[in-house]
file entry01.cif (mmCIF, C-alpha atoms)
data_data
loop_
_atom_site.label_atom_id
_atom_site.label_comp_id
_atom_site.auth_asym_id
_atom_site.auth_seq_id
_atom_site.Cartn_x
_atom_site.Cartn_y
_atom_site.Cartn_z
CA MET A 20 -18.75 86.78 -23.64
CA ASN A 21 -16.89 87.64 -20.42
CA LYS A 22 -19.74 89.87 -19.26
CA LYS A 23 -22.29 87.11 -19.84
CA PHE A 24 -20.12 84.60 -18.00
CA PHE A 25 -19.61 86.99 -15.07
CA ALA A 26 -23.33 87.74 -14.92
CA SER A 27 -24.27 84.04 -14.90
CA PHE A 28 -21.56 83.31 -12.32
CA ALA A 29 -22.78 86.12 -10.03
CA LEU A 30 -26.42 85.03 -10.46
CA MET A 31 -25.53 81.44 -9.54
CA HIS A 32 -23.77 82.53 -6.35
CA LEU A 33 -26.62 84.85 -5.41
CA LYS A 34 -29.05 81.96 -5.72
CA LYS A 35 -26.80 79.72 -3.61
CA ALA A 36 -26.36 82.48 -1.04
CA PHE A 37 -30.15 82.84 -0.81
CA LEU A 38 -30.55 79.07 -0.33
CA VAL A 39 -27.79 79.04 2.29
CA ALA A 40 -29.54 81.86 4.17
CA LEU A 41 -32.83 79.89 4.13
CA TRP A 42 -31.06 76.76 5.34
CA PHE A 43 -29.37 78.56 8.23
CA CYS A 44 -32.67 80.17 9.19
CA PHE A 45 -34.22 76.70 9.33
CA LEU A 46 -31.35 75.26 11.39
CA THR A 47 -31.20 78.10 13.93
CA PHE A 48 -34.97 78.68 14.22
CA PRO A 49 -35.43 76.78 17.54
CA ILE A 50 -32.41 78.48 19.13
CA MET A 51 -32.56 82.03 17.79
CA VAL A 52 -36.30 82.65 17.45
CA ILE A 53 -38.11 80.62 20.11
CA LYS A 54 -37.51 81.49 23.76
CA VAL A 55 -39.56 79.66 26.38
CA ASN A 56 -40.07 81.14 29.84
CA PRO A 57 -40.89 78.12 32.06
CA TYR A 58 -41.83 80.24 35.09
CA GLU A 59 -44.43 82.39 33.34
CA GLU A 60 -45.25 79.58 30.84
CA THR A 61 -44.94 81.93 27.88
CA VAL A 62 -43.19 81.79 24.53
CA VAL A 63 -41.35 84.81 23.14
CA TRP A 64 -40.93 84.96 19.36
CA ARG A 65 -37.76 86.85 18.41
CA TRP A 66 -38.24 87.28 14.66
CA GLN A 67 -35.57 89.96 14.41
CA ASN A 68 -32.95 87.30 15.14
CA MET A 69 -34.12 85.40 12.07
CA LEU A 70 -33.45 88.49 9.97
CA TYR A 71 -29.96 88.84 11.45
CA VAL A 72 -29.15 85.18 10.72
CA ALA A 73 -30.42 85.45 7.13
CA ILE A 74 -28.45 88.61 6.34
CA GLY A 75 -25.31 87.38 8.08
CA SER A 76 -25.26 83.95 6.39
CA PHE A 77 -26.08 85.51 2.99
CA PHE A 78 -23.13 87.91 3.04
CA LEU A 79 -20.79 85.44 4.74
CA TYR A 80 -21.40 82.95 1.92
CA LEU A 81 -20.64 85.59 -0.70
CA LEU A 82 -17.48 86.61 1.17
CA SER A 83 -16.36 82.98 1.44
CA GLN A 84 -16.80 82.47 -2.30
CA ALA A 85 -14.87 85.65 -3.05
CA PHE A 86 -12.10 84.51 -0.71
CA ARG A 87 -11.95 81.09 -2.37
CA ALA A 88 -11.71 82.69 -5.81
CA TRP A 89 -8.93 85.00 -4.57
CA ARG A 90 -7.08 82.11 -2.93
CA GLY A 91 -7.33 80.06 -6.13
CA ALA A 92 -5.75 82.91 -8.07
CA GLN A 93 -2.99 83.20 -5.45
CA ASP A 94 -2.31 79.45 -5.60
CA LYS A 95 -1.93 79.66 -9.37
CA LYS A 96 0.56 82.49 -8.97
CA LYS A 97 2.52 80.48 -6.40
CA GLN A 98 2.65 77.51 -8.73
CA LEU A 99 4.02 79.72 -11.49
CA ARG A 100 6.64 81.14 -9.13
CA LYS A 101 7.72 77.68 -7.98
CA THR A 102 8.40 76.63 -11.53
CA SER A 103 10.73 79.58 -12.04
CA GLN A 104 12.48 79.72 -8.65
CA LYS A 105 13.05 77.69 -5.53
CA ALA A 106 10.20 77.57 -3.03
CA LYS A 107 10.71 79.80 -0.01
CA LYS A 108 10.66 78.42 3.51
CA THR A 109 7.40 78.89 5.38
CA TRP A 110 7.31 80.80 8.66
CA GLN A 111 6.58 77.54 10.47
CA HIS A 112 9.78 76.01 9.11
CA VAL A 113 11.74 79.13 10.05
CA VAL A 114 10.39 79.25 13.63
CA LEU A 115 10.98 75.53 14.22
CA HIS A 116 14.42 75.16 12.65
CA GLU A 117 16.14 78.55 12.91
CA PRO A 118 17.65 79.01 16.41
CA ARG A 119 17.68 82.81 16.12
CA PHE A 120 13.86 82.74 15.86
CA PHE A 121 13.13 79.57 17.82
CA ILE A 122 14.94 80.46 21.06
CA PRO A 123 13.42 83.99 21.61
CA VAL A 124 9.90 82.75 20.83
CA LEU A 125 10.32 79.80 23.21
CA VAL A 126 11.68 82.03 26.01
CA LEU A 127 8.80 84.50 25.58
CA LEU A 128 6.15 81.77 25.66
CA LEU A 129 7.72 80.13 28.70
CA ALA A 130 7.79 83.47 30.53
CA LEU A 131 4.11 84.09 29.74
CA PHE A 132 3.03 80.63 30.86
CA ALA A 133 5.20 80.78 33.98
CA ALA A 134 3.61 84.09 35.02
CA PHE A 135 0.08 82.82 34.37
CA PRO A 136 -0.62 81.52 37.94
CA LEU A 137 0.73 84.73 39.46
CA LEU A 138 -1.73 86.93 37.57
CA LEU A 139 -5.01 84.98 37.43
CA SER A 140 -7.30 83.04 39.73
CA ALA A 141 -7.29 79.34 40.55
CA TYR A 142 -10.30 78.83 38.27
CA GLN A 143 -8.37 80.21 35.29
CA ILE A 144 -5.34 78.08 36.19
CA ASN A 145 -7.56 74.99 36.33
CA ILE A 146 -8.97 75.71 32.87
CA MET A 147 -5.48 76.24 31.44
CA THR A 148 -4.30 72.97 33.01
CA THR A 149 -7.16 71.16 31.28
CA ALA A 150 -6.20 72.82 27.98
CA LEU A 151 -2.58 71.69 28.42
CA MET A 152 -3.79 68.14 29.08
CA TYR A 153 -5.64 68.20 25.75
CA VAL A 154 -2.47 69.54 24.10
CA VAL A 155 -0.62 66.38 25.17
CA LEU A 156 -3.59 64.19 24.17
CA GLY A 157 -3.69 65.88 20.77
CA LEU A 158 0.04 65.37 20.26
CA GLY A 159 -0.32 61.72 21.19
CA LEU A 160 -3.20 61.13 18.78
CA ASN A 161 -1.31 63.13 16.18
CA ILE A 162 1.26 60.31 16.08
CA VAL A 163 -1.45 57.79 15.20
CA VAL A 164 -3.74 59.85 12.95
CA GLY A 165 -1.68 62.79 11.69
CA VAL A 166 1.68 61.11 11.13
CA ALA A 167 0.91 57.40 10.59
CA GLY A 168 -2.50 58.01 8.97
CA LEU A 169 -4.37 55.46 11.14
CA LEU A 170 -7.87 56.76 11.98
CA ASP A 171 -8.40 56.00 15.68
CA LEU A 172 -11.83 56.81 17.15
CA GLY A 173 -11.24 54.94 20.42
CA TYR A 174 -8.32 56.97 21.72
CA VAL A 175 -10.19 57.80 24.93
CA ALA A 176 -9.84 54.12 25.96
CA PHE A 177 -6.11 54.60 26.59
CA TYR A 178 -6.91 57.78 28.50
CA ALA A 179 -9.25 55.73 30.73
CA VAL A 180 -6.63 53.00 31.22
CA GLY A 181 -4.16 55.55 32.59
CA ALA A 182 -6.72 57.17 34.91
CA TYR A 183 -8.00 53.88 36.31
CA SER A 184 -4.46 52.52 36.65
CA TYR A 185 -3.58 55.25 39.13
CA ALA A 186 -6.94 55.09 40.92
CA LEU A 187 -6.91 51.30 41.37
CA LEU A 188 -3.21 51.02 42.22
CA ASN A 189 -3.59 53.69 44.86
CA LEU A 190 -6.79 52.17 46.20
CA HIS A 191 -5.49 48.61 46.57
CA PHE A 192 -1.73 49.01 46.97
CA GLY A 193 -1.26 52.61 48.11
CA ILE A 194 0.98 53.47 45.12
CA GLY A 195 1.65 57.20 44.80
CA PHE A 196 1.40 59.52 41.82
CA TRP A 197 5.02 59.47 40.67
CA THR A 198 5.19 55.67 40.76
CA ALA A 199 1.84 55.31 38.97
CA LEU A 200 2.75 57.84 36.25
CA PRO A 201 5.06 55.56 34.19
CA ILE A 202 2.99 52.49 35.07
CA GLY A 203 -0.16 54.09 33.65
CA GLY A 204 1.67 55.06 30.46
CA LEU A 205 3.13 51.58 30.00
CA LEU A 206 -0.21 49.86 30.65
CA ALA A 207 -1.87 52.13 28.08
CA ALA A 208 0.94 51.30 25.60
CA CYS A 209 0.27 47.59 26.17
CA PHE A 210 -3.40 48.15 25.41
CA GLY A 211 -2.34 50.05 22.29
CA ILE A 212 -0.38 47.01 21.11
CA LEU A 213 -3.36 44.76 21.91
CA LEU A 214 -5.54 47.02 19.76
CA GLY A 215 -2.92 47.18 17.02
CA PHE A 216 -2.67 43.44 16.40
CA PRO A 217 -6.31 42.85 15.29
CA VAL A 218 -6.39 45.93 13.02
CA LEU A 219 -3.11 45.41 11.13
CA ARG A 220 -4.97 44.51 7.93
CA LEU A 221 -7.63 47.23 8.25
CA ARG A 222 -7.59 50.77 6.96
CA GLY A 223 -9.91 53.73 6.50
CA ASP A 224 -13.53 53.36 7.66
CA TYR A 225 -13.07 49.77 8.83
CA LEU A 226 -10.20 50.79 11.10
CA ALA A 227 -12.29 53.65 12.50
CA ILE A 228 -15.20 51.31 13.30
CA VAL A 229 -12.98 48.77 15.09
CA THR A 230 -11.20 51.41 17.17
CA LEU A 231 -14.55 53.00 18.03
CA GLY A 232 -15.79 49.61 19.23
CA PHE A 233 -12.62 49.13 21.29
CA GLY A 234 -13.18 52.46 23.07
CA GLU A 235 -16.79 51.58 23.85
CA ILE A 236 -15.80 48.11 25.11
CA ILE A 237 -13.34 49.60 27.61
CA ARG A 238 -15.96 52.08 28.85
CA LEU A 239 -18.66 49.41 29.21
CA VAL A 240 -16.29 47.07 31.06
CA LEU A 241 -15.43 49.83 33.52
CA GLU A 242 -19.10 50.64 33.94
CA ASN A 243 -20.39 47.09 34.46
CA TRP A 244 -17.51 45.29 36.23
CA THR A 245 -18.42 46.67 39.63
CA GLU A 246 -16.08 44.43 41.64
CA PHE A 247 -13.09 45.71 39.68
CA SER A 248 -13.80 49.37 38.88
CA HIS A 249 -16.63 50.23 41.35
CA GLY A 250 -18.97 50.64 38.37
CA PRO A 251 -20.78 53.94 37.60
CA SER A 252 -20.12 55.27 41.11
CA GLY A 253 -16.41 55.49 40.28
CA ILE A 254 -13.42 55.83 42.62
CA SER A 255 -13.03 58.90 44.81
CA GLY A 256 -10.27 60.15 47.06
CA VAL A 257 -7.48 59.81 44.49
CA PRO A 258 -4.53 61.76 45.98
CA ARG A 259 -3.02 64.76 44.22
CA PRO A 260 0.67 64.69 43.23
CA GLY A 261 3.09 65.48 46.05
CA PHE A 262 6.39 67.34 46.12
CA PHE A 263 8.93 65.64 48.40
CA GLY A 264 6.29 65.07 51.08
CA MET A 265 5.38 68.77 51.42
CA GLU A 266 1.85 69.67 52.51
CA MET A 267 0.18 71.93 49.96
CA SER A 268 -3.09 73.83 50.04
CA LEU A 269 -5.68 73.49 47.27
CA ASN A 270 -4.46 76.59 45.40
CA GLN A 271 -0.84 75.51 45.72
CA SER A 272 -1.61 72.02 44.40
CA ILE A 273 -3.50 73.53 41.43
CA SER A 274 -0.51 75.73 40.57
CA TYR A 275 1.87 72.79 41.06
CA LEU A 276 -0.16 70.63 38.69
CA TYR A 277 -0.18 73.48 36.17
CA TYR A 278 3.61 73.74 36.17
CA LEU A 279 3.81 69.96 35.95
CA MET A 280 1.68 70.06 32.80
CA ILE A 281 3.91 72.74 31.27
CA ALA A 282 6.92 70.48 31.82
CA LEU A 283 5.04 67.53 30.30
CA VAL A 284 4.02 69.59 27.24
CA ILE A 285 7.64 70.66 26.65
CA PHE A 286 8.83 67.06 27.02
CA THR A 287 6.09 65.80 24.68
CA VAL A 288 6.83 68.40 22.00
CA PHE A 289 10.53 67.52 22.14
CA MET A 290 9.89 63.78 21.92
CA VAL A 291 7.26 64.00 19.16
CA ASN A 292 9.47 66.30 17.10
CA ARG A 293 12.42 63.93 17.45
CA LEU A 294 10.21 60.96 16.57
CA GLN A 295 8.93 62.66 13.42
CA ASN A 296 12.49 63.36 12.27
CA SER A 297 13.71 59.86 13.08
CA ARG A 298 13.71 56.74 10.94
CA ILE A 299 10.45 55.48 12.45
CA GLY A 300 8.88 58.91 11.85
CA ARG A 301 9.77 58.81 8.16
CA ALA A 302 8.29 55.31 8.04
CA TRP A 303 5.05 56.65 9.57
CA PHE A 304 4.84 59.39 6.94
CA ALA A 305 5.44 56.83 4.19
CA LEU A 306 2.74 54.60 5.68
CA ARG A 307 0.31 57.50 5.67
CA GLU A 308 0.94 58.40 2.04
CA ASP A 309 0.90 54.92 0.49
CA GLU A 310 0.81 51.74 2.53
CA ILE A 311 1.54 49.41 -0.39
CA ALA A 312 4.52 51.45 -1.61
CA CYS A 313 5.77 51.69 1.98
CA GLN A 314 5.76 47.90 2.30
CA ALA A 315 7.37 47.52 -1.13
CA MET A 316 10.27 49.71 0.02
CA GLY A 317 11.09 47.17 2.74
CA ILE A 318 9.43 48.89 5.74
CA ASP A 319 7.98 46.47 8.29
CA LYS A 320 4.32 47.47 8.26
CA THR A 321 3.45 45.46 11.37
CA LYS A 322 6.20 46.99 13.49
CA THR A 323 5.48 50.50 12.20
CA LYS A 324 1.77 50.35 13.01
CA LEU A 325 2.29 48.82 16.43
CA MET A 326 4.87 51.47 17.31
CA ALA A 327 2.40 54.20 16.33
CA PHE A 328 -0.42 52.72 18.43
CA ALA A 329 1.86 52.06 21.41
CA LEU A 330 3.51 55.50 21.49
CA GLY A 331 0.22 57.32 20.93
CA ALA A 332 -1.42 55.32 23.73
CA PHE A 333 1.53 55.96 26.06
CA TRP A 334 0.89 59.71 26.10
CA ALA A 335 -2.84 59.14 26.65
CA GLY A 336 -2.04 56.92 29.64
CA ILE A 337 0.26 59.57 31.13
CA VAL A 338 -2.42 62.25 30.82
CA GLY A 339 -4.99 59.82 32.25
CA VAL A 340 -2.93 59.50 35.44
CA ILE A 341 -2.70 63.31 35.67
CA PHE A 342 -6.46 63.58 35.07
CA ALA A 343 -7.16 61.22 37.99
CA ALA A 344 -4.82 63.25 40.21
CA LYS A 345 -6.37 66.55 39.11
CA THR A 346 -10.02 65.62 39.67
CA THR A 347 -9.35 63.18 42.59
CA PHE A 348 -12.26 61.16 41.18
CA VAL A 349 -12.71 58.90 38.15
CA ASN A 350 -15.80 57.22 36.71
CA PRO A 351 -16.68 55.80 33.27
CA SER A 352 -18.81 58.81 32.25
CA SER A 353 -15.61 60.88 31.88
CA PHE A 354 -14.41 58.68 28.99
CA THR A 355 -17.16 58.75 26.39
CA PHE A 356 -16.87 58.88 22.61
CA LEU A 357 -17.26 62.66 22.77
CA GLU A 358 -13.78 62.91 24.31
CA SER A 359 -12.28 60.97 21.40
CA ALA A 360 -14.15 63.23 18.96
CA ILE A 361 -12.80 66.38 20.62
CA ILE A 362 -9.22 65.09 20.53
CA LEU A 363 -9.64 64.10 16.88
CA CYS A 364 -11.01 67.59 16.11
CA ILE A 365 -7.87 69.05 17.69
CA VAL A 366 -5.66 67.00 15.35
CA VAL A 367 -7.69 67.74 12.21
CA LEU A 368 -8.15 71.46 12.86
CA GLY A 369 -4.54 71.94 13.90
CA GLY A 370 -3.19 70.20 10.81
CA MET A 371 -2.36 66.56 10.27
CA GLY A 372 1.15 65.99 11.59
CA SER A 373 1.68 69.61 12.66
CA ILE A 374 2.94 70.09 16.23
CA ILE A 375 2.34 73.85 16.44
CA GLY A 376 -1.07 73.47 14.81
CA VAL A 377 -2.18 70.85 17.34
CA ILE A 378 -1.07 73.05 20.26
CA ILE A 379 -2.98 76.08 18.94
CA ALA A 380 -6.07 74.02 18.09
CA ALA A 381 -6.15 72.43 21.56
CA LEU A 382 -5.94 75.81 23.27
CA VAL A 383 -8.66 77.25 21.02
CA LEU A 384 -11.08 74.32 21.23
CA ILE A 385 -10.80 73.93 25.00
CA LEU A 386 -10.57 77.59 26.03
CA LEU A 387 -13.12 79.01 23.58
CA PRO A 388 -16.23 77.32 25.09
CA GLU A 389 -15.11 78.33 28.60
CA TYR A 390 -14.55 81.97 27.75
CA LEU A 391 -17.84 82.15 25.83
CA ARG A 392 -19.87 81.41 28.96
CA ALA A 393 -21.00 85.05 28.90
CA PHE A 394 -22.95 84.12 25.76
CA ALA A 395 -24.60 81.17 27.46
CA ASP A 396 -27.47 80.91 24.96
CA TYR A 397 -25.30 81.09 21.88
CA ARG A 398 -21.83 79.83 22.85
CA MET A 399 -22.26 76.38 21.26
CA LEU A 400 -23.62 78.08 18.13
CA VAL A 401 -20.52 80.30 17.99
CA PHE A 402 -18.32 77.27 18.67
CA GLY A 403 -19.92 75.28 15.82
CA ALA A 404 -19.74 78.25 13.45
CA THR A 405 -16.02 78.60 14.25
CA LEU A 406 -15.43 74.96 13.29
CA VAL A 407 -17.38 75.41 10.04
CA LEU A 408 -15.41 78.54 9.13
CA MET A 409 -12.17 76.70 9.83
CA MET A 410 -13.14 73.90 7.47
CA VAL A 411 -14.11 76.42 4.77
CA PHE A 412 -11.12 78.75 4.96
CA ARG A 413 -8.39 76.39 6.25
CA PRO A 414 -9.30 72.87 5.09
CA LYS A 415 -5.75 71.60 5.74
CA GLY A 416 -5.80 72.86 9.32
CA LEU A 417 -4.48 75.93 11.06
CA ILE A 418 -0.87 75.09 10.16
CA SER A 419 -0.21 72.52 7.49
CA THR A 420 2.86 70.32 7.72
CA VAL A 421 6.04 71.38 5.99
CA GLN A 422 6.93 69.04 3.14
CA ARG A 423 10.29 67.53 3.95
CA THR A 424 13.01 67.62 1.30
CA TYR A 425 16.26 65.68 1.56
CA ARG A 426 19.35 66.64 -0.42
CA ARG A 427 22.90 65.40 -0.48
CA LYS A 428 25.46 67.82 0.94
CA ASN A 429 27.75 67.37 -2.05
CA ALA A 430 24.95 67.82 -4.59
#

call {"tool": "encode", "arguments": {"input": "entry01.cif", "output": "structure tokens"}}
result
Amino acid sequence: MNKKFFASFALMHLKKAFLVALWFCFLTFPIMVIKVNPYEETVVWRWQNMLYVAIGSFFLYLLSQAFRAWRGAQDKKKQLRKTSQKAKKTWQHVVLHEPRFFIPVLVLLLALFAAFPLLLSAYQINIMTTALMYVVLGLGLNIVVGVAGLLDLGYVAFYAVGAYSYALLNLHFGIGFWTALPIGGLLAACFGILLGFPVLRLRGDYLAIVTLGFGEIIRLVLENWTEFSHGPSGISGVPRPGFFGMEMSLNQSISYLYYLMIALVIFTVFMVNRLQNSRIGRAWFALREDEIACQAMGIDKTKTKLMAFALGAFWAGIVGVIFAAKTTFVNPSSFTFLESAIILCIVVLGGMGSIIGVIIAALVLILLPEYLRAFADYRMLVFGATLVLMMVFRPKGLISTVQRTYRRKNA
């Protein structure tokens, strides 16, 4: 009986693997097989690539199924162990809460990031600065989506509010970077509250549609209100951040902005971690798990949602000001829905509510396409395949959140 079951199980997976190979061949046919030479007006047919895709997808599917079966067996063993003994702390919990591990790891990472501008070129520093900006954006959206469970697809609108706040304030009133930094964050937080009020009763797909519409409204207003935002042509000449009036060259200002982003990332991680462990953070987690039960326990749902939207938008506004200072130019095409999708991918792939996971996911998703430029024809294919593999092998994200347990000291 077991042999027959195993044979039928293996035959079923072989059939599925064959169908998966055919499907991937169909999807990648225009990219992997057809190569057009516009100068000679010829078409090169690379059929060997089709064979490579078929064989690779066939065996990768079988390996993924074997891994899932092995992981299922391991999960069953873990469940049996948990019933007989206390659950052990995960390495994430140990690194975050044990000072003997947390302090050396933090010092090592700070030393590596501090030495980064001394070892690499200005181009590499610029890329890393962009990645750090997405780290802060991911941590800000993580408050709304990962912790409070409110699906926000218009997060880029708050990013645009911060960028245009600095550009317009500097253009009309001559306000500098350091004065515009808190103003941009506070204006974005106000817009977050304005978005929060109409969507208090919405959840799930309806909330996603409304927030998506809000993001598109902000972009279209900036694009069409020419007298206010200069329309599609944007605003140029936005000054870079200064340091006590010192004159800095282009390379020095790039390095200065990089160190500024490191300081902002550290501050954001500290604040988000404290917020998650606070009373409002526990209310956000309760709201994410069950909104009705959360309200029944006496938590003010209106205040909790508005706090999540406002705080998440605040960090987007701060990064928007830094973005305007970094590029010295802003226009509406920099704040499309694709930006919101990328930031949401960072939160989902990193792990809902996980700080370390969001940081790693932001660095991977932003740096991976840049460092795959050598594979110009296939880098987006590799990037998409990486996302698919992540969803197959780590559906809960790179680092899932640690389940909090509360016990009385005298228990």

call {"tool": "closest_residue", "arguments": {"input": "entry01.cif", "among": "A:Gly215, A:Gly75, A:Gly195, A:Pro251", "to": "A:Lys320", "atoms": "all atoms listed in the file"}}
result
A:Gly215

call {"tool": "atom_distance", "arguments": {"input": "entry01.cif", "atom1": "atom CA of A:Phe356", "atom2": "atom CA of A:Leu226"}}
result
15.6 Å

call {"tool": "resolve_selection", "arguments": {"input": "entry01.cif", "expression": "the PyMOL selection byres ((chain A and resi 273-279) around 8)", "output": "list in words"}}
result
Ala133, Pro136, Ala141, Ile144, Asn145, Met147, Thr148, Pro260, Leu269, Asn270, Gln271, Ser272, Met280, Ile281, Ala282, Leu283 and Lys345 of chain A

call {"tool": "closest_residue", "arguments": {"input": "entry01.cif", "among": "A:Tyr178, A:Val39, A:Pro388, A:Ala85", "to": "A:Val155", "atoms": "all atoms listed in the file"}}
result
A:Tyr178

call {"tool": "atom_distance", "arguments": {"input": "entry01.cif", "atom1": "atom CA of A:Lys322", "atom2": "atom CA of A:Ile418"}}
result
29.2 Å

call {"tool": "closest_residue", "arguments": {"input": "entry01.cif", "among": "A:Thr347, A:Thr245, A:Ser353, A:Thr47", "to": "A:Phe196", "atoms": "all atoms listed in the file"}}
result
A:Thr347

call {"tool": "atom_distance", "arguments": {"input": "entry01.cif", "atom1": "atom CA of A:Leu172", "atom2": "atom CA of A:Thr230"}}
result
5.4 Å

call {"tool": "resolve_selection", "arguments": {"input": "entry01.cif", "expression": "the PyMOL selection byres ((chain A and resi 342) around 12)", "output": "PyMOL selection string"}}
result
chain A and resi 145+148-153+155-156+178-186+196+200+203+257-260+276-277+280+335-341+343-350+353-354

call {"tool": "resolve_selection", "arguments": {"input": "entry01.cif", "expression": "the PyMOL selection byres ((chain A and resi 355) around 9)", "output": "PyMOL selection string"}}
result
chain A and resi 175-176+234-235+238+351-354+356-359

call {"tool": "closest_residue", "arguments": {"input": "entry01.cif", "among": "A:Val72, A:Ile361, A:Leu386, A:Leu33", "to": "A:Gln84", "atoms": "all atoms listed in the file"}}
result
A:Leu33

call {"tool": "closest_residue", "arguments": {"input": "entry01.cif", "among": "A:Val407, A:Val63, A:Val154, A:Leu239", "to": "A:Ile385", "atoms": "all atoms listed in the file"}}
result
A:Val154
